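One structure below.
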Amino acid sequence: MCLQVEQVRLLDRFSNKSTNGTLYLTATHLIFVESSSNNLTSILHHHIASVEKLSLTTTGCPLVIQCRNFRVVHFVVQRERDCHDIYSSLLRLLRPVSYEELYAFSYNPKQNDQQREEGWQLIDLGAEFERMGVPCDQWQLTDVNRDYKVCETYPRDLYVPITASKPIIVGSSKFRSKGRFPVLTYFYQEKKAAVCRCSQPLSGFSARCLEDESMLQAISKANHNSRFVYVMDTRPKLNALANRAAGKGYENEDNYSNIRFQFVGIENIHVMRTSLQKLLEVIGTRSLSMGDYLEGLESSGWLRHIKAIVDAAIFLAKAVTVEGASVLVHCSDGWDRTAQVCSLGALLMDPYYRTIKGFMVLIEKDWISFGHKFADRCDQLDGDPKEVSPIFTQFLECVWQLSEQFPQAFEFSEWFLLQIHEHVHSCQYGNFLGNNQRQREELQLRERTHSLWAYLLSEKQNYLNPFYSPAYCEAHPVLEPSTLPYHFKFWRNMYHQFDRSMHPRQSILKTILTLRENSHKAESTLQALENVSEHLNLLFHTFGLFPKEGQYVQGQDDEDEQDEVGEEAVESTDMERTVEGSSGTESRKQSYGELEGTYNNELAKEEPAVVSLEFGVARMTC
Amino acid sequence: MEFAELIKTPRVDGVVLHRPFLPTVEGTLCLTGHHLILSSRQDNTEELWLLHSNIDSIEKRFVGSLGSIIVKCKDLRVIQLDIPGMEECLNIASSIEALSTLDSVSLMYPFFYRPMFEVIEDGWNSFLPEDAFKDLESMTDEWRLSEVNKDFSVCPSYPPLVAVPKDIDDETLRKVATFRHGGRFPVLSYYHKKNGMVMMRAGQPLTGTNGRRCKEDEKLINATLRPGKRGYIIDTRTINVAQQAKARGGGIESEANYPQWRRIHKAIERSNVLQESLIKLVEACNDQSHNMDRWLSKLEASNWQTHVKEILTTACLAAQCIDREGASVLVHGTEGTDTTLQVTSLAQIILDPSCRTIRGFQGLVEREWLQAGHPFQQRCAQSAYSNSKPRQEAPVFLLFLDCVWQILRQFPCSFEFSESYLVLLFEHAYASQFVCRLFLRQLHKTVSLWSWVNRHQEIERLTNPLFEANSLVIWPSVAPQSLLLWEGVFLRWNRSSKCLDEAYEEMVHIIEYNKELQNKVNSLRRQLAQLETEDPLLQTP
């Protein structure tokens, strides 16, 4: 199926400029080709969050498409019928009802089965727990969930204290929402302190469960450094109280002899969804004033929520690394806020998670395997809009905020985070499909789709942070960020990643990466030249000839050489790095007010708009 | 008056100094005529030398007989001195108060300062109008250098030499001066080589309520237009403010009298509003509470970022008129010494690559701020901590630097200087051992800041390692999402910059390593080429 509509105008989001071109609708993508430059804007159907047909104007029928990767495109289609065709086709396409319709099942990067299998084997969580030092004398692997019998949203392999017997586990799971009983997610070997996660207890107003109490007792006993376990309820106290009426709730300190209970106050998925909506609304306003921007930033509450998550992670990291206490983290179901806090806390404590590979492992462990509901939260299938929420996006943003404070602590740059975000929503790779491991096995994702991690690792050099310093990480294994409010900034490169006019025209990151590449090239050139030179010198020695010092002609010759190096440099950087603008030559597609329309309309024309910010997904297979 | 009269206790031992992000130091406190000095009297420990003129305000606190003086500096730093003995503490406090608020210019430090460095290049002679004009002459013969103001009689705030259209004689200039606020008749600010368009600046026209007109003024500015071309007048006030100015004798260029000009009004705030903005912003930055909403709402309420956006937008507009529209521009506000200069100088940064070099930027500041008569002494007398009611104070120059920083952030490779250079200018605008802000006529007694900056070791510190000359016009984004809080100034003393500094070092290292490698490769290549030409027999088989 391919729909083609000529004479479509693409309007720039923040100025009055537009470009003409042709719109194509394929089975997987929406493509706009500019007629003047053949520039391509390509949007994967899965990225489209909503399509809106606005009322007819004199110039045509406007169609506004909002994407999950925060791209917003505004087309004007000349004929209303064409517009309606596109609109109705899109509506059908962007609401897949079964997983099999998702792009991942048709995406074929020309790999054979063996390569695909190798891709999936890159991340091995068993090995990850071994790296942490588990199993050990206090923690063991349990097979209680081998067949997803105890908890179907947990992975098969779970780690629990050796003193937690099967009856304790099963009993505890019955007392926890969705059966998500306390299990180990991170082990801080230095202090033998554990980070465990679970869901809320079904305590209601007074119910208690001896097995659950023994479970917490077992977690406590497994750590000789501390006489108590912190229980972090990541919800605001009010929410937890309200849950009691529904037979859920939180741990009563009187029943658990050895816990210290703490509310953290991260809001729920609905608040987060609304908050992001507000934020996007504010920043999507044209000719936004500074006052409205800052006020909107505040009233959206977005940065407040981000800060709350980081604060919670810091609390967790401190309890573990400073006090040497074990911590049990939960929220309601233990798959949203709990995932955020556990993964971010581990990232603060363990430099490994700040490497490219380690970060993949962290996501695979705390998010994918422990059942963050990616399908629901990212709206992969036509589902309940109330289940959609930017929980994972928030996690990525928290990491970005930290990387701003610690530019040398992360092996990856923000491009890596952006790329992961892109693919969480692209449904191009199998990793994030479905809501839990059990579902993924049923879908046979390992056999039928490809792994994102293999792809990302294959272009690892694109995501490196040139400032990363392993020495720094050795000296500062635990990050201690400040959470004073001014450390939290609006992440322009995420929420405006497709609005080029807002990006800096030159990027330090890109420049330095290019330099680094040049250096690597120069190193090998140098090596080669030295070899030749040695060879020649040998000849000279043999024949008793030596080059005379100080005879080298400077000047013209010198410049030629310089040019050559320069050219090499250009070639070597011909890669698809486009987060930030690349040169000062591109003209800014905006006017500074006033002039437009008042005196002379010439300015409105300027150069054609260039929308060429593609983030990976736009690989075509059709 | 002798300084000694003001210094009741010149020396106190056992004083403890607290500074942000530095270990406390115990030592001896000394007061001199210009400095507050604290030294631990041990080798290799840092001494504190603080200019009294850098002190914005002080607070005293007493716990028992231990007194503390909290010193708030104009560069926004806050330090605390614990002084044993109530009397000593009171004496020191009153001396600091007196010494930091000296009014007389000739008592100020620059007149006493003797450079400890060799003045290689006398900064006072580095940026003379004559030299700037030589460059202009090489591009066009439509302008001349007028000496009409050589004794400052026509316009006290202009330099003795100004560039004006060639066909306008001095007599006309004198007449125009009477029609412009402060005698600031339109003069050349910038010549755009690419298309020969110009930017001029002036004071507001003194039309008054009855619409006075001045033929000479019209003649002067029309002389800058090409035949059949129109120009823009950018008035940095809103139309309402500009209209109201008529009642006080000011006004605007009416369409009827200036048919070849299109007037555009922009709203850039001035004077007290800006000072309040600065005070609020600094207060917000120093608030250590962990409340996100409070921070954002305070940041918003300070309006600082709004000013940055407005100024940048207007400068971009001026640049756009010149470069894209191919039109000449006249910029003015009321006096033509504040918002006008922000706009004209920023427009030049956008348009002219030479203003983005270290030397070029000095030239720009010299031309568009010092020689153009920005009243530094009044504007920078007090900073954000002052308790006294602001009179003429306004962070006009700081806002300009902030805007330059915003452009630098967006074009990190297009400037030869780094952020440190801007921070340095901010510090010296408010308190300096050098002069770049006092009266022109007394300058020869003092040392120019540029003489100090342009030494090798300083230049190196202020150079941007990423710089690659870029001959293009650079259009910054003025969307609020693209503008950031200038942490290097406003959060400088509130957050540790250790991690950022280390990353910066790493960046410098990468750049230098790359240079070194490329040099090695080049020289080896040359050697090989040499070898091969020297003896063709030896060419590798």
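Letters for chains follow the order of the structure tokens (A, B, ...), residue numbers begin at 1 for each chain, and ligand numbers begin at 1 in the order shown.
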For range 516-528 of chain A: contacts at 7 Å, only C-alpha atoms, fewer than 4 positions along chain excluded, given as an MDAnalysis selection string
(chainID A and resid 512 532 569) or (chainID B and resid 510 514 517:518 521)
Using only C-alpha atoms and a cut-off of 7 Å, which residues of chain B sit close to chain A? Please list them as an NGL selection string.
:B and (288 or 290-293 or 295-297 or 300 or 305-306 or 313 or 316-317 or 410-413 or 472 or 474-475 or 477 or 479-482 or 499-500 or 503 or 506-507 or 510-511 or 514 or 517-518 or 521-522 or 524 or 528 or 530-531)
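Within 10 Å of Leu274 in chain B, once only C-alpha atoms are used and residues closer than 3 positions along the same chain are dropped, the contacting residues are Ile268, Glu269, Arg270, Ser271, Ser277, Leu278, Ile279, Lys280, Ser302, Asn303, Trp304, His307, Glu393, Ala394, Pro395, Val396 and Leu399 of chain B.
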To one decimal place in Å, what is the distance between CA of Ser458 in chain A and CA of Asp113 in chain A?
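Value for the CA of Ser458 in chain A-CA of Asp113 in chain A distance: 16.9 Å.
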Which neighbours of Asp143 in chain A fall inside 12 Å, counting only C-alpha atoms, when residues of the same chain fewer than 6 positions from it are skipped, and could you give them as a ChimeraX atom specification?
/A:149-151,155-160,165-166,169-170
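Closest to Asp147 in chain A among A:Glu441, A:Glu6, A:Asp85, A:Asp366 is A:Glu441, based on only C-alpha atoms.
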Quick one: pick out all alpha helix (DSSP H) residues within range 279-424 of chain A from a backbone DSSP run and write them as a VMD selection string.
chain A and resid 279 to 283 290 to 300 302 to 321 337 to 349 356 to 362 374 to 377 391 to 405 414 to 424
Run DSSP on the backbone and grab whatever in range 15-119 of chain A lands in strand (DSSP E or B); send it over as a ChimeraX atom specification.
/A:18-25,29-34,40-44,48-53,57,60-67,72-77
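Here CA of Thr238 in chain B is placed at a distance of 16.8 Å from CA of Asn272 in chain B.
For the pair CA of Val365 in chain B and CA of Leu188 in chain B, the separation is 15.2 Å.
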Polymer residues at most 9 Å from Arg41 in chain B, only C-alpha atoms, same-chain spacing of 3 or more positions, as a list in words
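Once the nearby chain positions are removed, what remains is Gly27, Thr28, Leu38, Thr45 and Glu47 of chain B.
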Would you output that residue set with N, CA, C and O atoms, as a CSV table (one decimal), in the first residue's frame?
chain,number,residue,atom,x,y,z
B,27,GLY,N,44.0,33.8,60.0
B,27,GLY,CA,45.2,34.6,59.8
B,27,GLY,C,45.0,36.0,60.3
B,27,GLY,O,44.1,36.3,61.1
B,28,THR,N,45.9,36.8,59.7
B,28,THR,CA,45.8,38.2,60.1
B,28,THR,C,45.1,39.1,59.1
B,28,THR,O,45.3,38.9,57.9
B,38,LEU,N,43.8,39.4,53.9
B,38,LEU,CA,43.9,38.4,54.9
B,38,LEU,C,45.0,37.4,54.6
B,38,LEU,O,44.9,36.8,53.5
B,45,THR,N,50.1,29.3,51.2
B,45,THR,CA,48.7,29.4,51.4
B,45,THR,C,48.2,30.6,50.7
B,45,THR,O,49.0,31.6,50.6
B,47,GLU,N,46.4,34.1,49.8
B,47,GLU,CA,46.0,35.2,50.6
B,47,GLU,C,44.8,35.8,49.9
B,47,GLU,O,44.6,35.7,48.8
